[in-house]
>>> print(open('run27.pdb').read())   # PDB, N, CA and C atoms
ATOM      1  N   MET Q1480       0.822  -1.201   0.000
ATOM      2  CA  MET Q1480       0.000   0.000   0.000
ATOM      3  C   MET Q1480       0.861   1.257   0.000
ATOM      4  N   LYS Q1481       2.050   1.171   0.619
ATOM      5  CA  LYS Q1481       2.907   2.355   0.656
ATOM      6  C   LYS Q1481       3.367   2.754  -0.742
ATOM      7  N   TYR Q1482       3.493   1.771  -1.657
ATOM      8  CA  TYR Q1482       3.874   2.102  -3.027
ATOM      9  C   TYR Q1482       2.780   2.895  -3.725
ATOM     10  N   VAL Q1483       1.552   2.543  -3.458
ATOM     11  CA  VAL Q1483       0.430   3.256  -4.063
ATOM     12  C   VAL Q1483       0.392   4.693  -3.558
ATOM     13  N   PHE Q1484       0.541   4.886  -2.260
ATOM     14  CA  PHE Q1484       0.532   6.238  -1.692
ATOM     15  C   PHE Q1484       1.682   7.064  -2.258
ATOM     16  N   ARG Q1485       2.864   6.476  -2.314
ATOM     17  CA  ARG Q1485       4.022   7.197  -2.858
ATOM     18  C   ARG Q1485       3.814   7.547  -4.327
ATOM     19  N   THR Q1486       3.199   6.646  -5.056
ATOM     20  CA  THR Q1486       2.950   6.906  -6.472
ATOM     21  C   THR Q1486       1.955   8.039  -6.655
ATOM     22  N   VAL Q1487       0.894   8.032  -5.880
ATOM     23  CA  VAL Q1487      -0.093   9.116  -5.956
ATOM     24  C   VAL Q1487       0.555  10.445  -5.584
ATOM     25  N   LEU Q1488       1.353  10.440  -4.533
ATOM     26  CA  LEU Q1488       2.058  11.654  -4.123
ATOM     27  C   LEU Q1488       3.013  12.127  -5.213
ATOM     28  N   PHE Q1489       3.700  11.189  -5.845
ATOM     29  CA  PHE Q1489       4.610  11.539  -6.935
ATOM     30  C   PHE Q1489       3.845  12.167  -8.097
ATOM     31  N   HIS Q1490       2.688  11.601  -8.453
ATOM     32  CA  HIS Q1490       1.896  12.150  -9.555
ATOM     33  C   HIS Q1490       1.412  13.564  -9.237
ATOM     34  N   PHE Q1491       0.935  13.795  -8.023
ATOM     35  CA  PHE Q1491       0.509  15.149  -7.643
ATOM     36  C   PHE Q1491       1.679  16.127  -7.670
ATOM     37  N   THR Q1492       2.835  15.678  -7.208
ATOM     38  CA  THR Q1492       4.025  16.526  -7.239
ATOM     39  C   THR Q1492       4.403  16.864  -8.672
ATOM     40  N   CYS Q1493       4.355  15.870  -9.552
ATOM     41  CA  CYS Q1493       4.657  16.117 -10.967
ATOM     42  C   CYS Q1493       3.674  17.098 -11.586
ATOM     43  N   ILE Q1494       2.400  16.948 -11.266
ATOM     44  CA  ILE Q1494       1.392  17.860 -11.810
ATOM     45  C   ILE Q1494       1.690  19.294 -11.388
ATOM     46  N   LEU Q1495       2.001  19.497 -10.120
ATOM     47  CA  LEU Q1495       2.298  20.852  -9.642
ATOM     48  C   LEU Q1495       3.605  21.376 -10.221
ATOM     49  N   PHE Q1496       4.641  20.531 -10.262
ATOM     50  CA  PHE Q1496       5.945  20.954 -10.774
ATOM     51  C   PHE Q1496       5.862  21.336 -12.250
ATOM     52  N   PHE Q1497       5.297  20.456 -13.065
ATOM     53  CA  PHE Q1497       5.215  20.752 -14.492
ATOM     54  C   PHE Q1497       4.209  21.865 -14.767
ATOM     55  N   GLY Q1498       3.154  21.950 -13.982
ATOM     56  CA  GLY Q1498       2.230  23.073 -14.122
ATOM     57  C   GLY Q1498       2.928  24.398 -13.888
ATOM     58  N   TYR Q1499       3.838  24.409 -12.910
ATOM     59  CA  TYR Q1499       4.616  25.619 -12.643
ATOM     60  C   TYR Q1499       5.573  25.921 -13.797
ATOM     61  N   LEU Q1500       6.210  24.877 -14.345
ATOM     62  CA  LEU Q1500       7.086  25.089 -15.504
ATOM     63  C   LEU Q1500       6.304  25.649 -16.688
ATOM     64  N   TYR Q1501       5.111  25.112 -16.912
ATOM     65  CA  TYR Q1501       4.280  25.623 -18.005
ATOM     66  C   TYR Q1501       3.847  27.060 -17.740
ATOM     67  N   LEU Q1502       3.601  27.383 -16.489
ATOM     68  CA  LEU Q1502       3.218  28.749 -16.139
ATOM     69  C   LEU Q1502       4.367  29.720 -16.398
ATOM     70  N   LEU Q1503       5.596  29.285 -16.090
ATOM     71  CA  LEU Q1503       6.755  30.144 -16.339
ATOM     72  C   LEU Q1503       6.946  30.434 -17.825
ATOM     73  N   SER Q1504       6.546  29.505 -18.657
ATOM     74  CA  SER Q1504       6.726  29.691 -20.099
ATOM     75  C   SER Q1504       5.385  29.739 -20.824
ATOM     76  N   LYS Q1505       4.389  30.298 -20.176
ATOM     77  CA  LYS Q1505       3.037  30.289 -20.742
ATOM     78  C   LYS Q1505       2.925  31.072 -22.045
ATOM     79  N   HIS Q1506       3.870  31.946 -22.314
ATOM     80  CA  HIS Q1506       3.823  32.703 -23.564
ATOM     81  C   HIS Q1506       4.270  31.858 -24.753
ATOM     82  N   ASP Q1507       4.786  30.666 -24.472
ATOM     83  CA  ASP Q1507       5.210  29.752 -25.534
ATOM     84  C   ASP Q1507       4.165  28.683 -25.816
ATOM     85  N   PHE Q1508       2.963  28.879 -25.314
ATOM     86  CA  PHE Q1508       1.838  27.986 -25.564
ATOM     87  C   PHE Q1508       0.685  28.801 -26.125
ATOM     88  N   VAL Q1509      -0.135  28.160 -26.920
ATOM     89  CA  VAL Q1509      -1.376  28.788 -27.378
ATOM     90  C   VAL Q1509      -2.508  27.790 -27.200
ATOM     91  N   SER Q1510      -3.678  28.323 -26.989
ATOM     92  CA  SER Q1510      -4.852  27.456 -26.905
ATOM     93  C   SER Q1510      -5.330  27.166 -28.322
ATOM     94  N   MET Q1511      -6.208  26.219 -28.445
ATOM     95  CA  MET Q1511      -6.747  25.893 -29.762
ATOM     96  C   MET Q1511      -7.578  27.045 -30.326
ATOM     97  N   GLU Q1512      -8.017  27.946 -29.435
ATOM     98  CA  GLU Q1512      -8.743  29.131 -29.896
ATOM     99  C   GLU Q1512      -7.791  30.236 -30.337
ATOM    100  N   GLY Q1513      -6.486  30.047 -30.140
ATOM    101  CA  GLY Q1513      -5.497  31.022 -30.562
ATOM    102  C   GLY Q1513      -5.133  32.049 -29.508
ATOM    103  N   ARG Q1514      -5.643  31.933 -28.299
ATOM    104  CA  ARG Q1514      -5.342  32.906 -27.246
ATOM    105  C   ARG Q1514      -4.193  32.405 -26.381
ATOM    106  N   GLN Q1515      -3.580  33.320 -25.644
ATOM    107  CA  GLN Q1515      -2.546  32.933 -24.683
ATOM    108  C   GLN Q1515      -3.203  32.199 -23.520
ATOM    109  N   ILE Q1516      -2.463  31.286 -22.923
ATOM    110  CA  ILE Q1516      -3.038  30.497 -21.834
ATOM    111  C   ILE Q1516      -2.824  31.201 -20.498
ATOM    112  N   ASP Q1517      -3.637  30.835 -19.511
ATOM    113  CA  ASP Q1517      -3.505  31.392 -18.169
ATOM    114  C   ASP Q1517      -3.072  30.291 -17.204
ATOM    115  N   SER Q1518      -3.052  30.602 -15.913
ATOM    116  CA  SER Q1518      -2.543  29.652 -14.920
ATOM    117  C   SER Q1518      -3.406  28.393 -14.822
ATOM    118  N   LEU Q1519      -4.707  28.532 -14.958
ATOM    119  CA  LEU Q1519      -5.572  27.356 -14.908
ATOM    120  C   LEU Q1519      -5.331  26.450 -16.116
ATOM    121  N   ASP Q1520      -5.083  27.044 -17.271
ATOM    122  CA  ASP Q1520      -4.748  26.254 -18.455
ATOM    123  C   ASP Q1520      -3.455  25.468 -18.241
ATOM    124  N   CYS Q1521      -2.479  26.079 -17.563
ATOM    125  CA  CYS Q1521      -1.208  25.399 -17.281
ATOM    126  C   CYS Q1521      -1.426  24.192 -16.380
ATOM    127  N   LEU Q1522      -2.218  24.360 -15.353
ATOM    128  CA  LEU Q1522      -2.512  23.245 -14.450
ATOM    129  C   LEU Q1522      -3.329  22.170 -15.163
ATOM    130  N   PHE Q1523      -4.259  22.588 -15.997
ATOM    131  CA  PHE Q1523      -5.065  21.640 -16.759
ATOM    132  C   PHE Q1523      -4.202  20.852 -17.737
ATOM    133  N   LEU Q1524      -3.273  21.523 -18.409
ATOM    134  CA  LEU Q1524      -2.352  20.844 -19.320
ATOM    135  C   LEU Q1524      -1.516  19.821 -18.574
ATOM    136  N   SER Q1525      -0.975  20.213 -17.441
ATOM    137  CA  SER Q1525      -0.151  19.310 -16.653
ATOM    138  C   SER Q1525      -0.942  18.095 -16.183
ATOM    139  N   THR Q1526      -2.175  18.305 -15.778
ATOM    140  CA  THR Q1526      -3.013  17.200 -15.314
ATOM    141  C   THR Q1526      -3.353  16.242 -16.447
ATOM    142  N   THR Q1527      -3.686  16.771 -17.615
ATOM    143  CA  THR Q1527      -4.047  15.890 -18.723
ATOM    144  C   THR Q1527      -2.849  15.113 -19.245
ATOM    145  N   VAL Q1528      -1.678  15.729 -19.266
ATOM    146  CA  VAL Q1528      -0.480  15.004 -19.692
ATOM    147  C   VAL Q1528      -0.127  13.930 -18.674
ATOM    148  N   GLN Q1529      -0.175  14.265 -17.388
ATOM    149  CA  GLN Q1529       0.195  13.308 -16.339
ATOM    150  C   GLN Q1529      -0.778  12.130 -16.291
ATOM    151  N   SER Q1530      -2.019  12.359 -16.620
ATOM    152  CA  SER Q1530      -2.995  11.268 -16.597
ATOM    153  C   SER Q1530      -2.945  10.430 -17.866
ATOM    154  N   GLY Q1531      -2.224  10.889 -18.859
ATOM    155  CA  GLY Q1531      -2.111  10.141 -20.103
ATOM    156  C   GLY Q1531      -3.193  10.460 -21.108
ATOM    157  N   VAL Q1532      -3.985  11.483 -20.841
ATOM    158  CA  VAL Q1532      -5.085  11.834 -21.732
ATOM    159  C   VAL Q1532      -4.575  12.541 -22.981
ATOM    160  N   GLY Q1533      -3.650  13.482 -22.837
ATOM    161  CA  GLY Q1533      -3.129  14.189 -24.000
ATOM    162  C   GLY Q1533      -2.834  15.639 -23.712
ATOM    163  N   TYR Q1534      -2.920  16.451 -24.734
ATOM    164  CA  TYR Q1534      -2.539  17.857 -24.649
ATOM    165  C   TYR Q1534      -3.636  18.790 -24.177
ATOM    166  N   ALA Q1535      -4.790  18.326 -23.942
ATOM    167  CA  ALA Q1535      -5.930  19.180 -23.603
ATOM    168  C   ALA Q1535      -6.234  20.059 -24.805
ATOM    169  N   LEU Q1536      -6.441  21.305 -24.600
ATOM    170  CA  LEU Q1536      -6.703  22.233 -25.703
ATOM    171  C   LEU Q1536      -5.579  23.243 -25.823
ATOM    172  N   VAL Q1537      -4.395  22.845 -25.401
ATOM    173  CA  VAL Q1537      -3.237  23.727 -25.392
ATOM    174  C   VAL Q1537      -2.123  23.040 -26.164
ATOM    175  N   ARG Q1538      -1.398  23.822 -26.971
ATOM    176  CA  ARG Q1538      -0.276  23.218 -27.678
ATOM    177  C   ARG Q1538       0.952  24.110 -27.565
ATOM    178  N   PRO Q1539       2.124  23.483 -27.475
ATOM    179  CA  PRO Q1539       3.361  24.251 -27.380
ATOM    180  C   PRO Q1539       3.761  24.783 -28.751
ATOM    181  N   ILE Q1540       4.430  25.935 -28.752
ATOM    182  CA  ILE Q1540       4.890  26.496 -30.022
ATOM    183  C   ILE Q1540       6.410  26.546 -30.102
ATOM    184  N   THR Q1541       7.107  26.065 -29.071
ATOM    185  CA  THR Q1541       8.571  26.009 -29.109
ATOM    186  C   THR Q1541       9.033  24.575 -28.863
ATOM    187  N   HIS Q1542      10.237  24.283 -29.346
ATOM    188  CA  HIS Q1542      10.805  22.949 -29.148
ATOM    189  C   HIS Q1542      11.091  22.682 -27.673
ATOM    190  N   LEU Q1543      11.469  23.706 -26.929
ATOM    191  CA  LEU Q1543      11.751  23.530 -25.506
ATOM    192  C   LEU Q1543      10.514  23.020 -24.767
ATOM    193  N   ASN Q1544       9.387  23.633 -25.015
ATOM    194  CA  ASN Q1544       8.163  23.210 -24.333
ATOM    195  C   ASN Q1544       7.667  21.857 -24.821
ATOM    196  N   LYS Q1545       7.925  21.529 -26.071
ATOM    197  CA  LYS Q1545       7.606  20.178 -26.539
ATOM    198  C   LYS Q1545       8.445  19.163 -25.773
ATOM    199  N   GLY Q1546       9.711  19.494 -25.530
ATOM    200  CA  GLY Q1546      10.586  18.614 -24.757
ATOM    201  C   GLY Q1546      10.142  18.476 -23.314
ATOM    202  N   ILE Q1547       9.671  19.568 -22.721
ATOM    203  CA  ILE Q1547       9.188  19.514 -21.335
ATOM    204  C   ILE Q1547       7.948  18.624 -21.244
ATOM    205  N   ILE Q1548       7.067  18.723 -22.216
ATOM    206  CA  ILE Q1548       5.881  17.867 -22.224
ATOM    207  C   ILE Q1548       6.290  16.406 -22.376
ATOM    208  N   MET Q1549       7.258  16.136 -23.248
ATOM    209  CA  MET Q1549       7.718  14.754 -23.411
ATOM    210  C   MET Q1549       8.382  14.240 -22.145
ATOM    211  N   LEU Q1550       9.092  15.099 -21.424
ATOM    212  CA  LEU Q1550       9.692  14.701 -20.151
ATOM    213  C   LEU Q1550       8.605  14.334 -19.138
ATOM    214  N   GLN Q1551       7.547  15.111 -19.091
ATOM    215  CA  GLN Q1551       6.451  14.781 -18.183
ATOM    216  C   GLN Q1551       5.786  13.470 -18.586
ATOM    217  N   GLN Q1552       5.609  13.246 -19.868
ATOM    218  CA  GLN Q1552       5.032  11.981 -20.320
ATOM    219  C   GLN Q1552       5.925  10.806 -19.933
ATOM    220  N   PHE Q1553       7.230  10.968 -20.053
ATOM    221  CA  PHE Q1553       8.166   9.908 -19.671
ATOM    222  C   PHE Q1553       8.087   9.631 -18.170
ATOM    223  N   CYS Q1554       7.989  10.676 -17.360
ATOM    224  CA  CYS Q1554       7.845  10.488 -15.908
ATOM    225  C   CYS Q1554       6.580   9.708 -15.587
ATOM    226  N   MET Q1555       5.491  10.043 -16.258
ATOM    227  CA  MET Q1555       4.227   9.353 -16.020
ATOM    228  C   MET Q1555       4.329   7.891 -16.414
ATOM    229  N   LEU Q1556       4.882   7.609 -17.571
ATOM    230  CA  LEU Q1556       5.001   6.223 -18.025
ATOM    231  C   LEU Q1556       5.928   5.416 -17.126
ATOM    232  N   SER Q1557       7.050   6.004 -16.736
ATOM    233  CA  SER Q1557       8.000   5.302 -15.869
ATOM    234  C   SER Q1557       7.374   4.969 -14.526
ATOM    235  N   THR Q1558       6.643   5.893 -13.978
ATOM    236  CA  THR Q1558       5.997   5.658 -12.693
ATOM    237  C   THR Q1558       4.998   4.514 -12.780
ATOM    238  N   ASN Q1559       4.224   4.486 -13.840
ATOM    239  CA  ASN Q1559       3.249   3.407 -13.996
ATOM    240  C   ASN Q1559       3.932   2.053 -14.151
ATOM    241  N   VAL Q1560       5.031   2.004 -14.880
ATOM    242  CA  VAL Q1560       5.759   0.744 -15.054
ATOM    243  C   VAL Q1560       6.317   0.269 -13.719
ATOM    244  N   PHE Q1561       6.947   1.168 -12.964
ATOM    245  CA  PHE Q1561       7.501   0.781 -11.662
ATOM    246  C   PHE Q1561       6.408   0.356 -10.686
ATOM    247  N   LEU Q1562       5.288   1.048 -10.696
ATOM    248  CA  LEU Q1562       4.193   0.674  -9.806
ATOM    249  C   LEU Q1562       3.679  -0.726 -10.137
ATOM    250  N   LEU Q1563       3.491  -1.004 -11.406
ATOM    251  CA  LEU Q1563       3.044  -2.342 -11.793
ATOM    252  C   LEU Q1563       4.064  -3.404 -11.396
ATOM    253  N   TYR Q1564       5.328  -3.097 -11.534
ATOM    254  CA  TYR Q1564       6.373  -4.045 -11.147
ATOM    255  C   TYR Q1564       6.301  -4.340  -9.649
ATOM    256  N   PHE Q1565       6.222  -3.301  -8.843
ATOM    257  CA  PHE Q1565       6.199  -3.501  -7.392
ATOM    258  C   PHE Q1565       4.926  -4.200  -6.919
ATOM    259  N   LEU Q1566       3.811  -3.914  -7.564
ATOM    260  CA  LEU Q1566       2.554  -4.534  -7.149
ATOM    261  C   LEU Q1566       2.462  -6.006  -7.555
ATOM    262  N   THR Q1567       3.192  -6.399  -8.587
ATOM    263  CA  THR Q1567       3.124  -7.792  -9.033
ATOM    264  C   THR Q1567       4.193  -8.669  -8.408
ATOM    265  N   GLN Q1568       5.095  -8.091  -7.643
ATOM    266  CA  GLN Q1568       6.122  -8.883  -6.966
ATOM    267  C   GLN Q1568       5.547  -9.479  -5.694
ATOM    268  N   GLY Q1569       5.858 -10.732  -5.466
ATOM    269  CA  GLY Q1569       5.305 -11.432  -4.305
ATOM    270  C   GLY Q1569       6.079 -11.286  -3.101
TER     271      GLY Q1569
END
>>> encode(input="run27.pdb", output="structure tokens")
Amino acid sequence: MKYVFRTVLFHFTCILFFGYLYLLSKHDFVSMEGRQIDSLDCLFLSTTVQSGVGYALVRPITHLNKGIIMLQQFCMLSTNVFLLYFLTQG
């Protein structure tokens, strides 16, 4: 059970950390409507990427932010793989 709690805590930490990174570079993102994003959009983007859903309605316009999104996706995938490994070990 401690692995599950740690994993949930890690996911929440990632959502807040990457949401903050997106907020710092919010001028390098645009919404699908073409407007600049705000702080709630940054948190929403971070949550949708961390959950594996996708980009939400926000897309990056620089290579740096595309890389940051891919880093968050890698963190999410790695965490899920490790959690499955620990839960299936006897």
>>> resolve_selection(input="run27.pdb", expression="the PyMOL selection byres ((chain Q and resi 1497-1504) around 7)", output="PyMOL selection string")
chain Q and resi 1492-1496+1505-1508+1517-1518+1521-1526
>>> atom_distance(input="run27.pdb", atom1="atom C of Met1555 (chain Q)", atom2="atom N of Val1509 (chain Q)")
23.3 Å
>>> atom_distance(input="run27.pdb", atom1="atom N of His1542 (chain Q)", atom2="atom C of Arg1514 (chain Q)")
16.8 Å
>>> closest_residue(input="run27.pdb", among="Q:Gln1568, Q:Gln1529, Q:Val1537, Q:Leu1563", to="Leu1550 (chain Q)", atoms="only C-alpha atoms")
Q:Gln1529
>>> select_by_dssp(input="run27.pdb", residues="chain Q", states="strand (DSSP E or B)", output="JSON, numbers by chain")
{"Q": [1508, 1509, 1510, 1515, 1537, 1538, 1539]}
>>> residues_near_point(input="run27.pdb", point="(5.3, 10.9, -16.9)", cutoff="9 Å", atoms="only C-alpha atoms", output="VMD selection string")
chain Q and resid 1490 1493 1528 to 1531 1548 to 1559
>>> select_by_dssp(input="run27.pdb", residues="chain Q", states="alpha helix (DSSP H)", output="number ranges by chain")
Q: 1481-1503, 1518-1530, 1542-1567
>>> atom_distance(input="run27.pdb", atom1="CA of Val1487 (chain Q)", atom2="CA of Asp1520 (chain Q)")
21.7 Å
>>> residues_near_point(input="run27.pdb", point="(4.3, 1.0, -1.8)", cutoff="12 Å", atoms="only C-alpha atoms", output="list of chain:residue names")
Q:Met1480, Q:Lys1481, Q:Tyr1482, Q:Val1483, Q:Phe1484, Q:Arg1485, Q:Thr1486, Q:Val1487, Q:Leu1488, Q:Phe1489, Q:Thr1558, Q:Phe1561, Q:Leu1562, Q:Leu1563, Q:Tyr1564, Q:Phe1565, Q:Leu1566, Q:Thr1567, Q:Gln1568
>>> residues_around(input="run27.pdb", residues="Leu1536 (chain Q)", least_positions_apart="2", cutoff="6 Å", atoms="only N, CA and C atoms", output="JSON list (two decimals) with N, CA and C atoms, keeping the file's coordinate frame")
[["chain", "number", "residue", "atom", "x", "y", "z"],
["Q", 1509, "VAL", "N", -0.14, 28.16, -26.92],
["Q", 1509, "VAL", "CA", -1.38, 28.79, -27.38],
["Q", 1509, "VAL", "C", -2.51, 27.79, -27.20],
["Q", 1510, "SER", "N", -3.68, 28.32, -26.99],
["Q", 1510, "SER", "CA", -4.85, 27.46, -26.90],
["Q", 1510, "SER", "C", -5.33, 27.17, -28.32],
["Q", 1511, "MET", "N", -6.21, 26.22, -28.44],
["Q", 1511, "MET", "CA", -6.75, 25.89, -29.76],
["Q", 1511, "MET", "C", -7.58, 27.04, -30.33],
["Q", 1534, "TYR", "N", -2.92, 16.45, -24.73],
["Q", 1534, "TYR", "CA", -2.54, 17.86, -24.65],
["Q", 1534, "TYR", "C", -3.64, 18.79, -24.18],
["Q", 1538, "ARG", "N", -1.40, 23.82, -26.97],
["Q", 1538, "ARG", "CA", -0.28, 23.22, -27.68],
["Q", 1538, "ARG", "C", 0.95, 24.11, -27.56]]
>>> closest_residue(input="run27.pdb", among="Q:Val1560, Q:Phe1491, Q:Gly1546, Q:Ile1540", to="Gly1513 (chain Q)", atoms="only C-alpha atoms")
Q:Ile1540
>>> axis_aligned_box(input="run27.pdb", around="region 1499-1513 of chain Q", padding_each_side="5 Å", output="AutoDock Vina command-line options")
--center_x -0.8 --center_y 28.6 --center_z -21.6 --size_x 25.8 --size_y 18.3 --size_z 27.9
